[in-house]
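Q: I'd like to ask some things about the structure below.
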Amino acid sequence: MKDTFKIGKREFTSRLMVGTGKYPTPEVMKEALKESGAQIVTVAVRRVNLKRPEESFLGHIDTSLFTILPNTAGCYTADDAVRTARLAREAFSTDLIKLEVIGDEKTLFPDNEALLSSAKILVKEGFCVMPYTNDDPIMARKLEDAGCAAVMPLAAPIGSGLGIRNPYNIRIILETVKVPVIVDAGVGTASDAAVAMELGCDGVLMNTGIAGAKDPVRMARAMKLAVEAGRLAYLAGRIPRKLYAAASSPIDGMIG
Amino acid sequence: MKIRVNGETIEVKEKAAIPDLFERLGIRPPGIAVELNGEIVPRSRHPETMLKENDSVEIVRMAGGG
């Protein structure tokens with residue numbers, strides 16, 4: 001059975017989205033992207049280096065294979081995020097934007113107020129907005145009401161690898177909004193990705209978890225399998241947790 | 001004349017348009033966006049957009065990121 005999910009009008013089969021930062025080499029990145037099976041890859045928008053104007057990151061990414069999801073990473077104000085989103089749309093000819101407005105350097109937690117105000121502006125300008133947000137159901141609802149195409153609650157701080165710190169909030173978010181819920185940030189290893197998918201999330205977005213692994217290519221494959229396994233387990237429906245044993249073999253027909 | 005590009009002051013010829021600036025700096029589209037004094041200049045308008053003394057230009061492209 002076909003199991004797809006939609007971001008705005010675009011339909012995807014892979015539920016793993018991957019970042020393109022912090023890889024040891026572009027070759028390792030290319031191989032890891034391939035192994036991950038991802039269809040969506042995130043990229044940043046940065047000034048052309050005037051000392052090395054020929055440098056082109058675009059040359060490392062096959063845009064016929066991947067949907068490019070530009071981000072507003074590093075923006076600390078709504079104005080900067082909106083400006084970066086507009087530049088991304090012009091540079092990469094896409095209306096998709098992973099909206100990040102950072103509130104604090106140490107935690108990289110989002111600035112809710114600025115996130116919501118910039119999301120409203122960008123939705124009005126026709127962007128397909130995918131906001132990186134706290135694991136806060138109220139914020140998720142406000143972002144959905146503002147017209148965002150998905151909500152992307154963090155599992156844990158960006159790059160921390162701490163895994164899903166508040167699965168209960170993620171569950172409440174899943175019950176609160178109808179748009180896709182994508183866990184973004186904090187995934188450290190395959191089991192974290194599987195947990196996110198078992199909770200019923202529509203997808204997982206990660207960068208450091210793969211790029212920072214000792215063997216990023218192998219970890220990319222592990223994440224692909226974990227996301228698929230978690231998704232299947234969610235669809236299959238797990239057994240309830242019980243305190244005491246329940247025998248798997250029949251009692252009838254025992255000898256003696 | 002002098003203009004600011006990505007925070008650096010550079011010298012360009014008089015009556016330079018955006019494609020002239022690209023040539024002067026060795027920048028090759030695609031995948032480039034240009035902001036002139038805080039406003040995006042769409043690709044289609046690059047050839048007709050003339051630069052003036054003290055203009056502030058941002059030129060961006062794709063970089064790796066999460």
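Each chain in the structure tokens gets a letter, A, B, ..., in the order shown, and its residues are numbered from 1; ligands are numbered from 1 in order too.
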When you get a sec, could you note down which chain A residues fall within 7 Å of chain B, using only C-alpha atoms, as a list of chain:residue names?

A: A:Gly19, A:Thr20, A:Gly21, A:Thr42, A:Val43, A:Ala44, A:Val45, A:Arg46, A:Arg47, A:Val48, A:Leu50, A:Pro53, A:Glu54, A:Phe57, A:Leu58, A:Leu87, A:Glu90, A:Ala91, A:Phe92, A:Asn207

Q: Restrict the selected residues to N, CA, C and O atoms and save them as a PDB file, in the first residue's frame.

A:
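Heads up, here's the output in again-v8.pdb:
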ATOM      1  N   GLY A  19      19.595  17.417   6.454  1.00  0.00           N
ATOM      2  CA  GLY A  19      20.331  18.653   6.249  1.00  0.00           C
ATOM      3  C   GLY A  19      21.614  18.401   5.475  1.00  0.00           C
ATOM      4  O   GLY A  19      22.014  17.245   5.271  1.00  0.00           O
ATOM      5  N   THR A  20      22.251  19.478   5.063  1.00  0.00           N
ATOM      6  CA  THR A  20      23.460  19.364   4.228  1.00  0.00           C
ATOM      7  C   THR A  20      24.669  20.034   4.875  1.00  0.00           C
ATOM      8  O   THR A  20      25.677  20.258   4.225  1.00  0.00           O
ATOM      9  N   GLY A  21      24.565  20.339   6.184  1.00  0.00           N
ATOM     10  CA  GLY A  21      25.672  21.013   6.873  1.00  0.00           C
ATOM     11  C   GLY A  21      26.579  20.027   7.583  1.00  0.00           C
ATOM     12  O   GLY A  21      26.186  18.893   7.868  1.00  0.00           O
ATOM     13  N   THR A  42      17.606  20.095   3.239  1.00  0.00           N
ATOM     14  CA  THR A  42      17.632  21.496   3.645  1.00  0.00           C
ATOM     15  C   THR A  42      18.983  22.119   3.286  1.00  0.00           C
ATOM     16  O   THR A  42      20.014  21.444   3.289  1.00  0.00           O
ATOM     17  N   VAL A  43      18.929  23.403   2.984  1.00  0.00           N
ATOM     18  CA  VAL A  43      20.148  24.168   2.687  1.00  0.00           C
ATOM     19  C   VAL A  43      20.032  25.541   3.354  1.00  0.00           C
ATOM     20  O   VAL A  43      18.935  25.966   3.715  1.00  0.00           O
ATOM     21  N   ALA A  44      21.158  26.191   3.502  1.00  0.00           N
ATOM     22  CA  ALA A  44      21.172  27.541   4.074  1.00  0.00           C
ATOM     23  C   ALA A  44      21.389  28.561   2.956  1.00  0.00           C
ATOM     24  O   ALA A  44      21.757  28.206   1.832  1.00  0.00           O
ATOM     25  N   VAL A  45      21.146  29.820   3.277  1.00  0.00           N
ATOM     26  CA  VAL A  45      21.368  30.930   2.351  1.00  0.00           C
ATOM     27  C   VAL A  45      22.484  31.787   2.939  1.00  0.00           C
ATOM     28  O   VAL A  45      22.358  32.256   4.067  1.00  0.00           O
ATOM     29  N   ARG A  46      23.563  31.937   2.208  1.00  0.00           N
ATOM     30  CA  ARG A  46      24.683  32.712   2.744  1.00  0.00           C
ATOM     31  C   ARG A  46      25.273  33.628   1.679  1.00  0.00           C
ATOM     32  O   ARG A  46      25.121  33.380   0.484  1.00  0.00           O
ATOM     33  N   ARG A  47      25.976  34.668   2.146  1.00  0.00           N
ATOM     34  CA  ARG A  47      26.653  35.587   1.234  1.00  0.00           C
ATOM     35  C   ARG A  47      27.646  34.830   0.341  1.00  0.00           C
ATOM     36  O   ARG A  47      28.338  33.932   0.819  1.00  0.00           O
ATOM     37  N   VAL A  48      27.729  35.234  -0.909  1.00  0.00           N
ATOM     38  CA  VAL A  48      28.796  34.747  -1.780  1.00  0.00           C
ATOM     39  C   VAL A  48      30.118  35.242  -1.192  1.00  0.00           C
ATOM     40  O   VAL A  48      30.227  36.409  -0.795  1.00  0.00           O
ATOM     41  N   LEU A  50      33.379  36.719  -1.613  1.00  0.00           N
ATOM     42  CA  LEU A  50      33.957  37.493  -2.724  1.00  0.00           C
ATOM     43  C   LEU A  50      35.400  37.078  -3.029  1.00  0.00           C
ATOM     44  O   LEU A  50      35.908  37.345  -4.109  1.00  0.00           O
ATOM     45  N   PRO A  53      34.581  33.462  -5.346  1.00  0.00           N
ATOM     46  CA  PRO A  53      33.241  33.607  -5.947  1.00  0.00           C
ATOM     47  C   PRO A  53      32.801  32.396  -6.763  1.00  0.00           C
ATOM     48  O   PRO A  53      31.619  32.229  -7.020  1.00  0.00           O
ATOM     49  N   GLU A  54      33.774  31.560  -7.145  1.00  0.00           N
ATOM     50  CA  GLU A  54      33.418  30.418  -8.000  1.00  0.00           C
ATOM     51  C   GLU A  54      32.845  29.259  -7.183  1.00  0.00           C
ATOM     52  O   GLU A  54      32.239  28.353  -7.744  1.00  0.00           O
ATOM     53  N   PHE A  57      28.011  25.502  -3.820  1.00  0.00           N
ATOM     54  CA  PHE A  57      27.482  24.349  -3.087  1.00  0.00           C
ATOM     55  C   PHE A  57      26.418  23.636  -3.906  1.00  0.00           C
ATOM     56  O   PHE A  57      26.252  22.425  -3.826  1.00  0.00           O
ATOM     57  N   LEU A  58      25.719  24.430  -4.705  1.00  0.00           N
ATOM     58  CA  LEU A  58      24.662  23.903  -5.577  1.00  0.00           C
ATOM     59  C   LEU A  58      25.186  22.774  -6.454  1.00  0.00           C
ATOM     60  O   LEU A  58      24.462  21.818  -6.756  1.00  0.00           O
ATOM     61  N   LEU A  87      15.099  36.005  -0.146  1.00  0.00           N
ATOM     62  CA  LEU A  87      16.332  35.741  -0.921  1.00  0.00           C
ATOM     63  C   LEU A  87      16.377  34.288  -1.383  1.00  0.00           C
ATOM     64  O   LEU A  87      16.754  33.992  -2.523  1.00  0.00           O
ATOM     65  N   GLU A  90      14.099  33.710  -4.311  1.00  0.00           N
ATOM     66  CA  GLU A  90      14.685  34.257  -5.544  1.00  0.00           C
ATOM     67  C   GLU A  90      15.849  33.387  -6.041  1.00  0.00           C
ATOM     68  O   GLU A  90      15.949  33.095  -7.231  1.00  0.00           O
ATOM     69  N   ALA A  91      16.690  32.937  -5.120  1.00  0.00           N
ATOM     70  CA  ALA A  91      17.889  32.187  -5.525  1.00  0.00           C
ATOM     71  C   ALA A  91      17.559  30.777  -6.007  1.00  0.00           C
ATOM     72  O   ALA A  91      18.163  30.287  -6.957  1.00  0.00           O
ATOM     73  N   PHE A  92      16.617  30.109  -5.336  1.00  0.00           N
ATOM     74  CA  PHE A  92      16.395  28.684  -5.626  1.00  0.00           C
ATOM     75  C   PHE A  92      15.054  28.418  -6.301  1.00  0.00           C
ATOM     76  O   PHE A  92      14.678  27.261  -6.477  1.00  0.00           O
ATOM     77  N   ASN A 207      20.129  16.666  10.788  1.00  0.00           N
ATOM     78  CA  ASN A 207      21.374  16.994  10.108  1.00  0.00           C
ATOM     79  C   ASN A 207      22.555  16.403  10.875  1.00  0.00           C
ATOM     80  O   ASN A 207      23.185  15.450  10.456  1.00  0.00           O
TER      81      ASN A 207
END

Q: From a DSSP calculation on the backbone, collect every residue of chain B in helix (DSSP H, G or I) and output the set as number ranges by chain.

A: B: 18-25, 43-45

Q: How would the residues just chosen look if you wrote them out with C-alpha atoms as a PDB file, in the first residue's frame?

A:
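Final output, saved to part.pdb:
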ATOM      1  CA  ILE B  18      24.088  43.901 -12.055  1.00  0.00           C
ATOM      2  CA  PRO B  19      25.531  41.557 -14.747  1.00  0.00           C
ATOM      3  CA  ASP B  20      28.580  43.875 -14.929  1.00  0.00           C
ATOM      4  CA  LEU B  21      29.007  43.500 -11.177  1.00  0.00           C
ATOM      5  CA  PHE B  22      28.830  39.693 -11.494  1.00  0.00           C
ATOM      6  CA  GLU B  23      31.508  39.825 -14.166  1.00  0.00           C
ATOM      7  CA  ARG B  24      33.693  42.169 -12.134  1.00  0.00           C
ATOM      8  CA  LEU B  25      33.467  39.810  -9.118  1.00  0.00           C
ATOM      9  CA  ARG B  43      16.667  37.885 -11.983  1.00  0.00           C
ATOM     10  CA  SER B  44      14.692  39.206 -14.953  1.00  0.00           C
ATOM     11  CA  ARG B  45      15.522  42.774 -13.945  1.00  0.00           C
TER      12      ARG B  45
END

Q: Grab the atom CA of Val227 of chain A to atom CA of Phe12 of chain A distance for me, in Å with one decimal place.

A: 13.8 Å

Q: Could you check how far atom CA of Arg238 of chain A sits from atom CA of Lys2 of chain A, in Å to one decimal?

A: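 We find that atom CA of Arg238 of chain A and atom CA of Lys2 of chain A lie 20.6 Å from each other.
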
Q: Between A:Glu31, A:Asp3, A:Asp252, A:Glu105, which has the minimum distance to Glu228 of chain A (counting only C-alpha atoms)?

A: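 Ranked by minimum distance to Glu228 of chain A, first place goes to A:Asp3.
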
Q: Can you list, as a list in words, every protein, DNA or RNA residue that comes within 7 Å of Asn54 of chain B when you count only C-alpha atoms, leaving out same-chain residues fewer than 3 positions away?

A: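 The residues that qualify are Lys2, Ile3 and Arg4 of chain B.
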
Q: Generate the output file for the selected residues, N, CA and C atoms, as a PDB file, in the first residue's frame.

A:
ATOM      1  N   LYS B   2      32.271  53.863  -5.856  1.00  0.00           N
ATOM      2  CA  LYS B   2      32.371  52.864  -4.788  1.00  0.00           C
ATOM      3  C   LYS B   2      30.974  52.382  -4.382  1.00  0.00           C
ATOM      4  N   ILE B   3      30.843  51.069  -4.214  1.00  0.00           N
ATOM      5  CA  ILE B   3      29.610  50.501  -3.667  1.00  0.00           C
ATOM      6  C   ILE B   3      29.992  49.486  -2.585  1.00  0.00           C
ATOM      7  N   ARG B   4      28.996  49.086  -1.797  1.00  0.00           N
ATOM      8  CA  ARG B   4      29.219  48.054  -0.778  1.00  0.00           C
ATOM      9  C   ARG B   4      28.626  46.737  -1.274  1.00  0.00           C
TER      10      ARG B   4
END

Q: DSSP on the backbone, strand (DSSP E) only: what residues of segment 7-256 of chain A does that give? Format it as a tab-separated table (two decimals) with N, CA and C atoms, in the first residue's frame.

A:
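Generated file (selection25.tsv):
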chain	number	residue	atom	x	y	z
A	7	ILE	N	3.26	17.96	1.77
A	7	ILE	CA	3.60	19.30	2.30
A	7	ILE	C	3.02	20.27	1.28
A	10	ARG	N	2.86	19.32	-2.56
A	10	ARG	CA	3.87	18.32	-2.92
A	10	ARG	C	3.68	17.03	-2.14
A	11	GLU	N	3.85	15.90	-2.83
A	11	GLU	CA	3.66	14.61	-2.19
A	11	GLU	C	5.00	13.87	-2.11
A	12	PHE	N	5.26	13.23	-0.97
A	12	PHE	CA	6.54	12.54	-0.78
A	12	PHE	C	6.31	11.13	-0.26
A	16	LEU	N	11.97	10.86	5.76
A	16	LEU	CA	13.21	11.35	6.37
A	16	LEU	C	13.72	12.54	5.56
A	17	MET	N	13.89	13.67	6.23
A	17	MET	CA	14.43	14.86	5.59
A	17	MET	C	15.81	15.13	6.18
A	18	VAL	N	16.76	15.47	5.35
A	18	VAL	CA	18.12	15.63	5.89
A	18	VAL	C	18.75	16.97	5.54
A	19	GLY	N	19.60	17.42	6.45
A	19	GLY	CA	20.33	18.65	6.25
A	19	GLY	C	21.61	18.40	5.48
A	40	ILE	N	13.71	15.31	0.44
A	40	ILE	CA	13.81	16.74	0.78
A	40	ILE	C	15.14	16.97	1.49
A	41	VAL	N	15.92	17.93	1.01
A	41	VAL	CA	17.16	18.29	1.71
A	41	VAL	C	17.14	19.79	2.04
A	42	THR	N	17.61	20.10	3.24
A	42	THR	CA	17.63	21.50	3.65
A	42	THR	C	18.98	22.12	3.29
A	43	VAL	N	18.93	23.40	2.98
A	43	VAL	CA	20.15	24.17	2.69
A	43	VAL	C	20.03	25.54	3.35
A	44	ALA	N	21.16	26.19	3.50
A	44	ALA	CA	21.17	27.54	4.07
A	44	ALA	C	21.39	28.56	2.96
A	45	VAL	N	21.15	29.82	3.28
A	45	VAL	CA	21.37	30.93	2.35
A	45	VAL	C	22.48	31.79	2.94
A	46	ARG	N	23.56	31.94	2.21
A	46	ARG	CA	24.68	32.71	2.74
A	46	ARG	C	25.27	33.63	1.68
A	47	ARG	N	25.98	34.67	2.15
A	47	ARG	CA	26.65	35.59	1.23
A	47	ARG	C	27.65	34.83	0.34
A	67	THR	N	14.12	17.71	-3.52
A	67	THR	CA	13.40	18.97	-3.33
A	67	THR	C	14.22	19.80	-2.34
A	68	ILE	N	14.55	21.00	-2.74
A	68	ILE	CA	15.37	21.88	-1.90
A	68	ILE	C	14.48	22.62	-0.90
A	69	LEU	N	14.84	22.50	0.36
A	69	LEU	CA	14.12	23.22	1.42
A	69	LEU	C	15.09	24.22	2.06
A	70	PRO	N	15.06	25.47	1.62
A	70	PRO	CA	15.98	26.45	2.21
A	70	PRO	C	15.55	26.80	3.62
A	96	LEU	N	9.10	26.93	-0.86
A	96	LEU	CA	9.28	26.23	0.41
A	96	LEU	C	10.26	26.99	1.30
A	97	ILE	N	9.94	27.06	2.59
A	97	ILE	CA	10.91	27.67	3.51
A	97	ILE	C	10.82	27.00	4.87
A	98	LYS	N	11.98	26.56	5.38
A	98	LYS	CA	12.05	26.09	6.75
A	98	LYS	C	12.33	27.33	7.59
A	99	LEU	N	11.31	27.76	8.31
A	99	LEU	CA	11.41	29.03	9.04
A	99	LEU	C	11.98	28.80	10.43
A	128	CYS	N	5.31	28.48	1.29
A	128	CYS	CA	4.89	27.24	1.92
A	128	CYS	C	5.79	27.11	3.17
A	129	VAL	N	5.25	27.52	4.32
A	129	VAL	CA	6.09	27.73	5.51
A	129	VAL	C	6.12	26.49	6.41
A	130	MET	N	7.33	26.05	6.73
A	130	MET	CA	7.55	24.91	7.63
A	130	MET	C	8.36	25.41	8.82
A	131	PRO	N	7.68	25.78	9.91
A	131	PRO	CA	8.39	26.40	11.03
A	131	PRO	C	9.02	25.40	12.00
A	132	TYR	N	10.25	25.69	12.38
A	132	TYR	CA	10.95	24.98	13.46
A	132	TYR	C	10.47	25.61	14.76
A	133	THR	N	9.83	24.79	15.61
A	133	THR	CA	9.17	25.34	16.78
A	133	THR	C	9.49	24.52	18.04
A	152	MET	N	7.10	21.86	12.84
A	152	MET	CA	8.30	21.04	13.06
A	152	MET	C	8.85	21.25	14.47
A	153	PRO	N	8.22	20.55	15.44
A	153	PRO	CA	8.69	20.69	16.82
A	153	PRO	C	10.06	20.04	17.00
A	182	ILE	N	6.48	17.24	11.86
A	182	ILE	CA	7.82	16.70	11.54
A	182	ILE	C	8.74	17.03	12.70
A	183	VAL	N	9.30	15.99	13.30
A	183	VAL	CA	10.25	16.25	14.40
A	183	VAL	C	11.55	16.77	13.79
A	184	ASP	N	11.98	17.91	14.27
A	184	ASP	CA	13.13	18.60	13.70
A	184	ASP	C	14.10	18.94	14.82
A	203	GLY	N	7.04	12.79	9.82
A	203	GLY	CA	8.41	12.72	9.31
A	203	GLY	C	9.41	13.19	10.34
A	204	VAL	N	10.68	13.04	10.00
A	204	VAL	CA	11.77	13.46	10.87
A	204	VAL	C	12.79	14.22	10.02
A	205	LEU	N	13.26	15.34	10.55
A	205	LEU	CA	14.30	16.11	9.86
A	205	LEU	C	15.54	16.13	10.73
A	206	MET	N	16.67	15.80	10.14
A	206	MET	CA	17.90	15.79	10.94
A	206	MET	C	19.11	16.18	10.10

Q: For atom CA of Leu225 of chain A and atom CA of Ala190 of chain A, quote the distance in Å rounded to one decimal.

A: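 Going from atom CA of Leu225 of chain A over to atom CA of Ala190 of chain A, I get 8.1 Å.
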
Q: Under the rule that only C-alpha atoms are counted, which of A:Ala220, A:Ala196, A:Val82, A:Ala73 is the nearest residue to Ile102 of chain A?

A: A:Ala73

Q: List the spatial neighbours of Phe127 of chain A as a list in words - criterion: any atom at most 6 Å away, only C-alpha atoms, same-chain residues fewer than 3 positions off excluded.

A: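 The neighbour list is Asp95, Leu122 and Val123 of chain A.
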
Q: Just C-alpha atoms for this one: save the residues we selected as a PDB file, in the first residue's frame.

A:
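Generated file (part-v2.pdb):
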ATOM      1  CA  ASP A  95       8.212  28.730  -2.263  1.00  0.00           C
ATOM      2  CA  LEU A 122       5.529  34.738   4.661  1.00  0.00           C
ATOM      3  CA  VAL A 123       2.213  32.880   4.356  1.00  0.00           C
TER       4      VAL A 123
END
